[in-house]
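Novice: Pasting query32.pdb below, which is PDB, C-alpha atoms.
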ATOM      1  CA  MET A   1      33.617  -6.741  20.738  1.00  0.00           C
ATOM      2  CA  GLU A   2      33.267 -10.088  18.968  1.00  0.00           C
ATOM      3  CA  ILE A   3      32.583  -9.945  15.241  1.00  0.00           C
ATOM      4  CA  THR A   4      31.745 -12.146  12.313  1.00  0.00           C
ATOM      5  CA  SER A   5      33.116 -11.527   8.828  1.00  0.00           C
ATOM      6  CA  GLY A   6      33.009 -12.885   5.301  1.00  0.00           C
ATOM      7  CA  MET A   7      32.711 -12.052   1.630  1.00  0.00           C
ATOM      8  CA  VAL A   8      29.458 -10.895   0.040  1.00  0.00           C
ATOM      9  CA  GLN A   9      28.357 -10.124  -3.505  1.00  0.00           C
ATOM     10  CA  ILE A  10      26.855  -6.790  -4.546  1.00  0.00           C
ATOM     11  CA  ARG A  11      25.062  -6.002  -7.776  1.00  0.00           C
ATOM     12  CA  ALA A  12      27.025  -3.131  -9.323  1.00  0.00           C
ATOM     13  CA  VAL A  13      26.964  -1.152 -12.542  1.00  0.00           C
ATOM     14  CA  ASP A  14      29.145  -3.578 -14.527  1.00  0.00           C
ATOM     15  CA  GLY A  15      28.404  -6.885 -12.825  1.00  0.00           C
ATOM     16  CA  THR A  16      28.883  -8.477  -9.439  1.00  0.00           C
ATOM     17  CA  MET A  17      31.204  -6.718  -7.012  1.00  0.00           C
ATOM     18  CA  SER A  18      32.737  -8.680  -4.146  1.00  0.00           C
ATOM     19  CA  ALA A  19      33.082  -7.025  -0.760  1.00  0.00           C
ATOM     20  CA  ALA A  20      34.304  -7.908   2.724  1.00  0.00           C
ATOM     21  CA  LEU A  21      31.555  -7.529   5.314  1.00  0.00           C
ATOM     22  CA  ALA A  22      32.230  -7.487   9.073  1.00  0.00           C
ATOM     23  CA  ARG A  23      29.790  -6.922  11.929  1.00  0.00           C
ATOM     24  CA  PRO A  24      29.431  -7.393  15.666  1.00  0.00           C
ATOM     25  CA  THR A  25      27.887 -10.721  16.653  1.00  0.00           C
ATOM     26  CA  ALA A  26      25.687  -9.120  19.317  1.00  0.00           C
ATOM     27  CA  ASP A  27      22.155  -8.273  18.244  1.00  0.00           C
ATOM     28  CA  GLY A  28      21.411  -4.635  17.631  1.00  0.00           C
ATOM     29  CA  LYS A  29      21.514  -1.811  15.134  1.00  0.00           C
ATOM     30  CA  TYR A  30      24.918  -0.365  14.322  1.00  0.00           C
ATOM     31  CA  PRO A  31      26.235   2.496  12.175  1.00  0.00           C
ATOM     32  CA  GLY A  32      27.794   1.420   8.885  1.00  0.00           C
ATOM     33  CA  VAL A  33      31.258   2.277   7.588  1.00  0.00           C
ATOM     34  CA  ILE A  34      32.557   1.733   4.054  1.00  0.00           C
ATOM     35  CA  VAL A  35      36.314   1.025   4.004  1.00  0.00           C
ATOM     36  CA  VAL A  36      37.825   1.877   0.620  1.00  0.00           C
ATOM     37  CA  GLN A  37      40.866   0.048  -0.720  1.00  0.00           C
ATOM     38  CA  GLU A  38      44.268   1.361  -1.695  1.00  0.00           C
ATOM     39  CA  ALA A  39      45.446   1.222  -5.311  1.00  0.00           C
ATOM     40  CA  PHE A  40      46.793  -2.256  -4.519  1.00  0.00           C
ATOM     41  CA  GLY A  41      43.317  -3.761  -4.305  1.00  0.00           C
ATOM     42  CA  LEU A  42      41.081  -5.345  -1.693  1.00  0.00           C
ATOM     43  CA  ASN A  43      43.905  -6.988   0.224  1.00  0.00           C
ATOM     44  CA  ALA A  44      44.380  -8.389   3.731  1.00  0.00           C
ATOM     45  CA  HIS A  45      45.292  -4.986   5.170  1.00  0.00           C
ATOM     46  CA  ILE A  46      42.034  -3.346   4.064  1.00  0.00           C
ATOM     47  CA  LYS A  47      39.996  -6.317   5.300  1.00  0.00           C
ATOM     48  CA  ASP A  48      41.807  -6.060   8.625  1.00  0.00           C
ATOM     49  CA  VAL A  49      40.987  -2.353   8.926  1.00  0.00           C
ATOM     50  CA  GLY A  50      37.332  -3.208   8.324  1.00  0.00           C
ATOM     51  CA  ALA A  51      37.461  -5.873  11.037  1.00  0.00           C
ATOM     52  CA  ARG A  52      39.140  -3.501  13.494  1.00  0.00           C
ATOM     53  CA  ILE A  53      36.455  -0.870  12.982  1.00  0.00           C
ATOM     54  CA  ALA A  54      33.716  -3.504  13.291  1.00  0.00           C
ATOM     55  CA  ARG A  55      35.068  -4.490  16.716  1.00  0.00           C
ATOM     56  CA  GLU A  56      34.364  -0.923  17.810  1.00  0.00           C
ATOM     57  CA  GLY A  57      30.638  -1.326  17.153  1.00  0.00           C
ATOM     58  CA  TYR A  58      30.112  -0.795  13.422  1.00  0.00           C
ATOM     59  CA  VAL A  59      29.070  -2.872  10.435  1.00  0.00           C
ATOM     60  CA  THR A  60      31.810  -2.417   7.839  1.00  0.00           C
ATOM     61  CA  LEU A  61      31.923  -3.109   4.122  1.00  0.00           C
ATOM     62  CA  ALA A  62      35.082  -3.048   1.985  1.00  0.00           C
ATOM     63  CA  PRO A  63      34.104  -3.225  -1.711  1.00  0.00           C
ATOM     64  CA  ASP A  64      36.404  -4.514  -4.441  1.00  0.00           C
ATOM     65  CA  LEU A  65      36.438  -1.592  -6.866  1.00  0.00           C
ATOM     66  CA  TYR A  66      38.575  -3.674  -9.234  1.00  0.00           C
ATOM     67  CA  TYR A  67      35.819  -6.257  -9.692  1.00  0.00           C
ATOM     68  CA  ARG A  68      35.901  -5.789 -13.459  1.00  0.00           C
ATOM     69  CA  GLU A  69      39.271  -7.607 -13.523  1.00  0.00           C
ATOM     70  CA  LYS A  70      40.215 -11.037 -12.182  1.00  0.00           C
ATOM     71  CA  ASN A  71      42.542 -11.442  -9.202  1.00  0.00           C
ATOM     72  CA  ALA A  72      43.163  -7.699  -9.068  1.00  0.00           C
ATOM     73  CA  VAL A  73      45.245  -7.608  -5.895  1.00  0.00           C
ATOM     74  CA  VAL A  74      48.938  -6.757  -6.188  1.00  0.00           C
ATOM     75  CA  GLY A  75      51.773  -6.567  -3.696  1.00  0.00           C
ATOM     76  CA  TYR A  76      53.088  -3.360  -2.229  1.00  0.00           C
ATOM     77  CA  ASP A  77      56.256  -3.921  -4.256  1.00  0.00           C
ATOM     78  CA  ASN A  78      54.359  -3.728  -7.555  1.00  0.00           C
ATOM     79  CA  LEU A  79      53.431  -0.067  -7.866  1.00  0.00           C
ATOM     80  CA  PRO A  80      53.296  -0.040 -11.704  1.00  0.00           C
ATOM     81  CA  GLU A  81      50.553  -2.686 -11.753  1.00  0.00           C
ATOM     82  CA  ALA A  82      48.671  -0.897  -8.978  1.00  0.00           C
ATOM     83  CA  ILE A  83      48.777   2.313 -11.010  1.00  0.00           C
ATOM     84  CA  ARG A  84      47.555   0.439 -14.089  1.00  0.00           C
ATOM     85  CA  LEU A  85      44.587  -0.934 -12.176  1.00  0.00           C
ATOM     86  CA  MET A  86      43.800   2.425 -10.629  1.00  0.00           C
ATOM     87  CA  MET A  87      43.910   4.212 -13.986  1.00  0.00           C
ATOM     88  CA  GLY A  88      41.332   1.769 -15.292  1.00  0.00           C
ATOM     89  CA  LEU A  89      38.684   3.359 -13.077  1.00  0.00           C
ATOM     90  CA  SER A  90      36.686   6.444 -13.983  1.00  0.00           C
ATOM     91  CA  ASP A  91      35.065   8.799 -11.499  1.00  0.00           C
ATOM     92  CA  ASP A  92      31.671   8.124 -13.053  1.00  0.00           C
ATOM     93  CA  LYS A  93      31.976   4.384 -12.403  1.00  0.00           C
ATOM     94  CA  ILE A  94      33.484   4.941  -8.964  1.00  0.00           C
ATOM     95  CA  VAL A  95      30.516   7.050  -7.868  1.00  0.00           C
ATOM     96  CA  LYS A  96      28.051   4.428  -9.127  1.00  0.00           C
ATOM     97  CA  ASP A  97      29.944   1.527  -7.540  1.00  0.00           C
ATOM     98  CA  MET A  98      30.207   3.349  -4.226  1.00  0.00           C
ATOM     99  CA  GLY A  99      26.511   4.123  -4.433  1.00  0.00           C
ATOM    100  CA  ALA A 100      25.805   0.415  -4.839  1.00  0.00           C
ATOM    101  CA  ALA A 101      28.025  -0.409  -1.846  1.00  0.00           C
ATOM    102  CA  ILE A 102      26.350   2.207   0.337  1.00  0.00           C
ATOM    103  CA  ALA A 103      22.871   1.019  -0.663  1.00  0.00           C
ATOM    104  CA  TYR A 104      23.840  -2.583   0.133  1.00  0.00           C
ATOM    105  CA  LEU A 105      25.120  -1.596   3.565  1.00  0.00           C
ATOM    106  CA  GLN A 106      22.006   0.453   4.315  1.00  0.00           C
ATOM    107  CA  GLN A 107      19.822  -2.572   3.551  1.00  0.00           C
ATOM    108  CA  GLN A 108      21.514  -4.831   6.109  1.00  0.00           C
ATOM    109  CA  PRO A 109      19.221  -5.620   9.063  1.00  0.00           C
ATOM    110  CA  ALA A 110      21.922  -4.739  11.606  1.00  0.00           C
ATOM    111  CA  VAL A 111      22.701  -1.332  10.060  1.00  0.00           C
ATOM    112  CA  ARG A 112      21.315   2.073  10.907  1.00  0.00           C
ATOM    113  CA  GLY A 113      20.759   3.255   7.359  1.00  0.00           C
ATOM    114  CA  ASP A 114      20.872   6.906   8.356  1.00  0.00           C
ATOM    115  CA  ARG A 115      24.351   6.535   9.879  1.00  0.00           C
ATOM    116  CA  ILE A 116      26.785   5.701   7.080  1.00  0.00           C
ATOM    117  CA  GLY A 117      30.437   6.756   7.171  1.00  0.00           C
ATOM    118  CA  LEU A 118      33.441   6.346   4.921  1.00  0.00           C
ATOM    119  CA  THR A 119      37.146   5.915   5.314  1.00  0.00           C
ATOM    120  CA  GLY A 120      39.702   5.101   2.639  1.00  0.00           C
ATOM    121  CA  PHE A 121      43.415   4.889   2.030  1.00  0.00           C
ATOM    122  CA  CYS A 122      45.607   6.057  -0.848  1.00  0.00           C
ATOM    123  CA  MET A 123      43.304   5.752  -3.876  1.00  0.00           C
ATOM    124  CA  GLY A 124      40.545   5.071  -1.370  1.00  0.00           C
ATOM    125  CA  GLY A 125      41.169   8.415   0.290  1.00  0.00           C
ATOM    126  CA  ARG A 126      40.380  10.151  -2.971  1.00  0.00           C
ATOM    127  CA  VAL A 127      37.346   7.906  -3.528  1.00  0.00           C
ATOM    128  CA  SER A 128      36.103   8.685  -0.006  1.00  0.00           C
ATOM    129  CA  PHE A 129      36.384  12.430  -0.603  1.00  0.00           C
ATOM    130  CA  LEU A 130      34.616  12.252  -3.963  1.00  0.00           C
ATOM    131  CA  THR A 131      31.835  10.025  -2.652  1.00  0.00           C
ATOM    132  CA  ALA A 132      31.236  12.198   0.389  1.00  0.00           C
ATOM    133  CA  CYS A 133      30.770  15.194  -1.893  1.00  0.00           C
ATOM    134  CA  LEU A 134      28.345  13.462  -4.245  1.00  0.00           C
ATOM    135  CA  ASN A 135      26.355  11.012  -2.113  1.00  0.00           C
ATOM    136  CA  PRO A 136      24.103  12.598   0.547  1.00  0.00           C
ATOM    137  CA  ALA A 137      23.820   9.276   2.409  1.00  0.00           C
ATOM    138  CA  VAL A 138      27.352   9.819   3.747  1.00  0.00           C
ATOM    139  CA  LYS A 139      27.279  11.320   7.236  1.00  0.00           C
ATOM    140  CA  ALA A 140      31.030  11.289   8.019  1.00  0.00           C
ATOM    141  CA  ALA A 141      34.187  10.781   5.962  1.00  0.00           C
ATOM    142  CA  VAL A 142      37.822  10.149   6.883  1.00  0.00           C
ATOM    143  CA  PRO A 143      40.196  10.068   3.888  1.00  0.00           C
ATOM    144  CA  PHE A 144      43.776   8.917   4.527  1.00  0.00           C
ATOM    145  CA  TYR A 145      46.456  10.360   2.209  1.00  0.00           C
ATOM    146  CA  GLY A 146      44.165  10.588  -0.809  1.00  0.00           C
ATOM    147  CA  GLY A 147      46.178  11.488  -3.873  1.00  0.00           C
ATOM    148  CA  GLY A 148      44.658  13.773  -6.486  1.00  0.00           C
ATOM    149  CA  ILE A 149      41.944  15.227  -4.259  1.00  0.00           C
ATOM    150  CA  GLY A 150      42.967  18.759  -5.091  1.00  0.00           C
ATOM    151  CA  SER A 151      44.276  18.463  -8.634  1.00  0.00           C
ATOM    152  CA  ALA A 152      43.337  17.013 -12.015  1.00  0.00           C
ATOM    153  CA  ALA A 153      44.397  17.471 -15.620  1.00  0.00           C
ATOM    154  CA  PRO A 154      41.829  19.559 -17.569  1.00  0.00           C
ATOM    155  CA  PRO A 155      39.143  18.961 -18.651  1.00  0.00           C
ATOM    156  CA  ALA A 156      38.771  16.427 -15.823  1.00  0.00           C
ATOM    157  CA  LYS A 157      37.510  17.706 -12.487  1.00  0.00           C
ATOM    158  CA  ALA A 158      39.253  17.068  -9.197  1.00  0.00           C
ATOM    159  CA  PRO A 159      37.210  15.845  -6.208  1.00  0.00           C
ATOM    160  CA  LEU A 160      37.901  19.218  -4.577  1.00  0.00           C
ATOM    161  CA  ASP A 161      35.916  20.847  -7.381  1.00  0.00           C
ATOM    162  CA  TYR A 162      32.805  19.193  -5.916  1.00  0.00           C
ATOM    163  CA  ALA A 163      33.473  20.346  -2.364  1.00  0.00           C
ATOM    164  CA  ASP A 164      30.726  22.946  -2.465  1.00  0.00           C
ATOM    165  CA  THR A 165      28.204  20.080  -2.275  1.00  0.00           C
ATOM    166  CA  LEU A 166      29.915  18.412   0.703  1.00  0.00           C
ATOM    167  CA  ALA A 167      27.487  18.107   3.611  1.00  0.00           C
ATOM    168  CA  ALA A 168      29.203  15.503   5.789  1.00  0.00           C
ATOM    169  CA  PRO A 169      31.876  16.389   8.360  1.00  0.00           C
ATOM    170  CA  MET A 170      35.319  15.301   7.210  1.00  0.00           C
ATOM    171  CA  LEU A 171      38.662  14.459   8.801  1.00  0.00           C
ATOM    172  CA  LEU A 172      41.647  14.220   6.439  1.00  0.00           C
ATOM    173  CA  PHE A 173      45.068  12.729   7.181  1.00  0.00           C
ATOM    174  CA  PHE A 174      48.298  13.392   5.295  1.00  0.00           C
ATOM    175  CA  GLY A 175      52.003  12.777   5.844  1.00  0.00           C
ATOM    176  CA  GLU A 176      54.499  15.622   5.792  1.00  0.00           C
ATOM    177  CA  LYS A 177      57.010  13.541   3.804  1.00  0.00           C
ATOM    178  CA  ASP A 178      54.514  12.135   1.293  1.00  0.00           C
ATOM    179  CA  GLY A 179      56.294  11.903  -2.051  1.00  0.00           C
ATOM    180  CA  PHE A 180      53.005  11.572  -3.941  1.00  0.00           C
ATOM    181  CA  ILE A 181      51.038  14.390  -2.314  1.00  0.00           C
ATOM    182  CA  GLY A 182      52.869  17.685  -1.941  1.00  0.00           C
ATOM    183  CA  LEU A 183      52.198  20.017   0.959  1.00  0.00           C
ATOM    184  CA  ASP A 184      51.074  22.627  -1.555  1.00  0.00           C
ATOM    185  CA  GLU A 185      48.155  20.374  -2.528  1.00  0.00           C
ATOM    186  CA  VAL A 186      47.349  19.695   1.110  1.00  0.00           C
ATOM    187  CA  GLU A 187      47.244  23.437   1.739  1.00  0.00           C
ATOM    188  CA  ARG A 188      45.013  23.921  -1.311  1.00  0.00           C
ATOM    189  CA  ILE A 189      42.549  21.371   0.071  1.00  0.00           C
ATOM    190  CA  LYS A 190      42.609  22.916   3.535  1.00  0.00           C
ATOM    191  CA  THR A 191      42.151  26.445   2.187  1.00  0.00           C
ATOM    192  CA  ARG A 192      39.279  25.542  -0.118  1.00  0.00           C
ATOM    193  CA  LEU A 193      37.357  23.665   2.580  1.00  0.00           C
ATOM    194  CA  ALA A 194      37.827  26.620   4.925  1.00  0.00           C
ATOM    195  CA  GLU A 195      36.628  29.075   2.250  1.00  0.00           C
ATOM    196  CA  LEU A 196      33.484  26.988   1.836  1.00  0.00           C
ATOM    197  CA  LYS A 197      33.059  26.884   5.634  1.00  0.00           C
ATOM    198  CA  LYS A 198      32.908  23.104   5.634  1.00  0.00           C
ATOM    199  CA  ASN A 199      33.101  21.066   8.825  1.00  0.00           C
ATOM    200  CA  ALA A 200      36.513  19.663   7.957  1.00  0.00           C
ATOM    201  CA  GLU A 201      39.853  19.195   9.685  1.00  0.00           C
ATOM    202  CA  VAL A 202      43.184  18.463   7.989  1.00  0.00           C
ATOM    203  CA  ILE A 203      45.901  16.701   9.974  1.00  0.00           C
ATOM    204  CA  VAL A 204      49.495  16.550   8.658  1.00  0.00           C
ATOM    205  CA  TYR A 205      51.832  14.194  10.523  1.00  0.00           C
ATOM    206  CA  PRO A 206      55.453  15.361  10.784  1.00  0.00           C
ATOM    207  CA  GLY A 207      57.907  12.834   9.392  1.00  0.00           C
ATOM    208  CA  ALA A 208      55.183  10.564   7.982  1.00  0.00           C
ATOM    209  CA  ASP A 209      55.233   9.329   4.388  1.00  0.00           C
ATOM    210  CA  HIS A 210      52.529   8.054   2.049  1.00  0.00           C
ATOM    211  CA  GLY A 211      50.945   4.884   3.416  1.00  0.00           C
ATOM    212  CA  PHE A 212      51.950   5.644   7.002  1.00  0.00           C
ATOM    213  CA  PHE A 213      48.922   3.806   8.423  1.00  0.00           C
ATOM    214  CA  CYS A 214      49.673   0.429   6.823  1.00  0.00           C
ATOM    215  CA  ASN A 215      51.914  -1.805   8.936  1.00  0.00           C
ATOM    216  CA  GLU A 216      52.680  -3.939   5.878  1.00  0.00           C
ATOM    217  CA  ARG A 217      54.402  -1.090   4.058  1.00  0.00           C
ATOM    218  CA  SER A 218      57.936   0.190   4.524  1.00  0.00           C
ATOM    219  CA  SER A 219      56.470   3.661   5.026  1.00  0.00           C
ATOM    220  CA  TYR A 220      54.569   2.588   8.152  1.00  0.00           C
ATOM    221  CA  HIS A 221      54.873   5.254  10.839  1.00  0.00           C
ATOM    222  CA  ALA A 222      53.698   3.744  14.116  1.00  0.00           C
ATOM    223  CA  GLU A 223      53.266   6.962  16.083  1.00  0.00           C
ATOM    224  CA  SER A 224      51.213   8.641  13.360  1.00  0.00           C
ATOM    225  CA  ALA A 225      49.167   5.489  12.730  1.00  0.00           C
ATOM    226  CA  LYS A 226      48.287   5.192  16.421  1.00  0.00           C
ATOM    227  CA  ASP A 227      47.210   8.816  16.666  1.00  0.00           C
ATOM    228  CA  ALA A 228      45.188   8.639  13.439  1.00  0.00           C
ATOM    229  CA  TRP A 229      43.404   5.504  14.662  1.00  0.00           C
ATOM    230  CA  THR A 230      42.410   7.231  17.891  1.00  0.00           C
ATOM    231  CA  ARG A 231      41.172  10.287  16.001  1.00  0.00           C
ATOM    232  CA  LEU A 232      39.290   8.125  13.490  1.00  0.00           C
ATOM    233  CA  LEU A 233      37.377   6.298  16.223  1.00  0.00           C
ATOM    234  CA  LYS A 234      36.513   9.499  18.087  1.00  0.00           C
ATOM    235  CA  PHE A 235      35.326  11.117  14.849  1.00  0.00           C
ATOM    236  CA  LEU A 236      33.135   8.155  13.859  1.00  0.00           C
ATOM    237  CA  GLU A 237      31.663   7.924  17.333  1.00  0.00           C
ATOM    238  CA  LYS A 238      30.820  11.611  17.404  1.00  0.00           C
ATOM    239  CA  HIS A 239      29.147  11.709  14.010  1.00  0.00           C
ATOM    240  CA  LEU A 240      27.665   8.218  13.626  1.00  0.00           C
ATOM    241  CA  LYS A 241      26.754   7.038  17.119  1.00  0.00           C
ATOM    242  CA  ALA A 242      25.100  10.165  18.466  1.00  0.00           C
TER     243      ALA A 242
END
Would you mind writing the structure in this file as structure tokens?

Specialist:
Amino acid sequence: MEITSGMVQIRAVDGTMSAALARPTADGKYPGVIVVQEAFGLNAHIKDVGARIAREGYVTLAPDLYYREKNAVVGYDNLPEAIRLMMGLSDDKIVKDMGAAIAYLQQQPAVRGDRIGLTGFCMGGRVSFLTACLNPAVKAAVPFYGGGIGSAAPPAKAPLDYADTLAAPMLLFFGEKDGFIGLDEVERIKTRLAELKKNAEVIVYPGADHGFFCNERSSYHAESAKDAWTRLLKFLEKHLKA
């Protein structure tokens, strides 16, 4: 499907937030999908994911959650700076910024406002989980290797602590060899969602590391990325296009 894409500006809690918007060129109403950045910022990879999803018949929006800083995109070889940028965000501001992004997407003429989904990677996986729990506009969520979903240092709350309010179906991806997210945390997430009887599925890819979906990272795992992409599209179609 042919698409058009470009940058837009969204009024957010602390100013103007840039975002990458992509949509099919054909007239019609399409479901919307928010694509949430990694800790490395709103880079070419995240914009490409948004474009790929748009080609499947969605209007996608990838917000720059680092909009409070200038030129806040760092290379995959600069983890310390990515961590610094990520630590500058608070859950309170994240929820408000994501709310602004969702509201913007819902207001687009080509978007079915009652069919909004989320996907996110790394930091964005955590943001996707948290937002799905706290924003009832979300109708489907697909977090990829979200770190810190199931744990937080007291008195802070982890996104998993809000899972009782989760209404949207969720599909979560993790890598077996992820050095940032232990299998014990993955099991904690899976167990808690099952206890709450949530419509959620956890997939762990054998041999895959953190960042396995990104073909620009050394941890790219082609087989897992291909399978996750297929599952992502089937999940979005089931829950957003019906």

Novice: Could you tell me how far CA of Ala225 (chain A) lies from CA of Phe212 (chain A), in Å and to one decimal?

Specialist: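 So the two atoms, CA of Ala225 (chain A) and CA of Phe212 (chain A), lie 6.4 Å apart.
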
Novice: Tell me which residues the PyMOL selection byres ((chain A and resi 66) around 9) grabs here, as an NGL selection string.

Specialist: :A and (17 or 41-42 or 63-65 or 67-73 or 85-86 or 88-89)

Novice: Smallest atom-to-atom distance to Ala208 (chain A): which of A:Asp27, A:Asp178, A:Glu195, A:Asp184, using all atoms listed in the file?

Specialist: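 So, comparing all the options, the nearest one is A:Asp178.
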
Novice: So, with all atoms listed in the file as the atoms that count, which of A:Gly15, A:Gly150, A:Gly57, A:Gly50 lies closest to Glu237 (chain A)?

Specialist: A:Gly57

Novice: Find, counting all atoms listed in the file, the residue in A:Leu232, A:Ala101, A:Ala242, A:Ala132 that gets nearest to Val49 (chain A).

Specialist: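 Result for the nearest residue to Val49 (chain A): A:Leu232.
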
Novice: Just the residues within 12 Å of Glu223 (chain A), please, counting only C-alpha atoms, with nothing from its chain fewer than 4 positions along; format it as a ChimeraX atom specification.

Specialist: /A:175,205-208,212-215,219,227-230

Novice: Can you write just those residues out, C-alpha atoms, as a tab-separated table (two decimals), in the frame of the given file?

Specialist:
chain	number	residue	atom	x	y	z
A	175	GLY	CA	52.00	12.78	5.84
A	205	TYR	CA	51.83	14.19	10.52
A	206	PRO	CA	55.45	15.36	10.78
A	207	GLY	CA	57.91	12.83	9.39
A	208	ALA	CA	55.18	10.56	7.98
A	212	PHE	CA	51.95	5.64	7.00
A	213	PHE	CA	48.92	3.81	8.42
A	214	CYS	CA	49.67	0.43	6.82
A	215	ASN	CA	51.91	-1.80	8.94
A	219	SER	CA	56.47	3.66	5.03
A	227	ASP	CA	47.21	8.82	16.67
A	228	ALA	CA	45.19	8.64	13.44
A	229	TRP	CA	43.40	5.50	14.66
A	230	THR	CA	42.41	7.23	17.89

Novice: List the residues selected by the PyMOL selection byres ((chain A and resi 126) around 9) in the file shown, writing them as a ChimeraX atom specification.

Specialist: /A:120-125,127-131,143-149,159

Novice: Could you write out as a VMD selection string the residues that the PyMOL selection byres ((chain A and resi 201) around 7) matches in the shown file?

Specialist: chain A and resid 170 to 172 200 202 to 203

Novice: For Asp114 (chain A), which of A:Ala140, A:Arg192, A:Thr60, A:Glu216 is the closest residue, counting all atoms listed in the file?

Specialist: A:Ala140

Novice: Which neighbours of Lys96 (chain A) fall inside 10 Å, counting only C-alpha atoms, when residues of the same chain fewer than 6 positions from it are skipped, and could you give them as an NGL selection string?

Specialist: :A and (12-14 or 102 or 131 or 135)
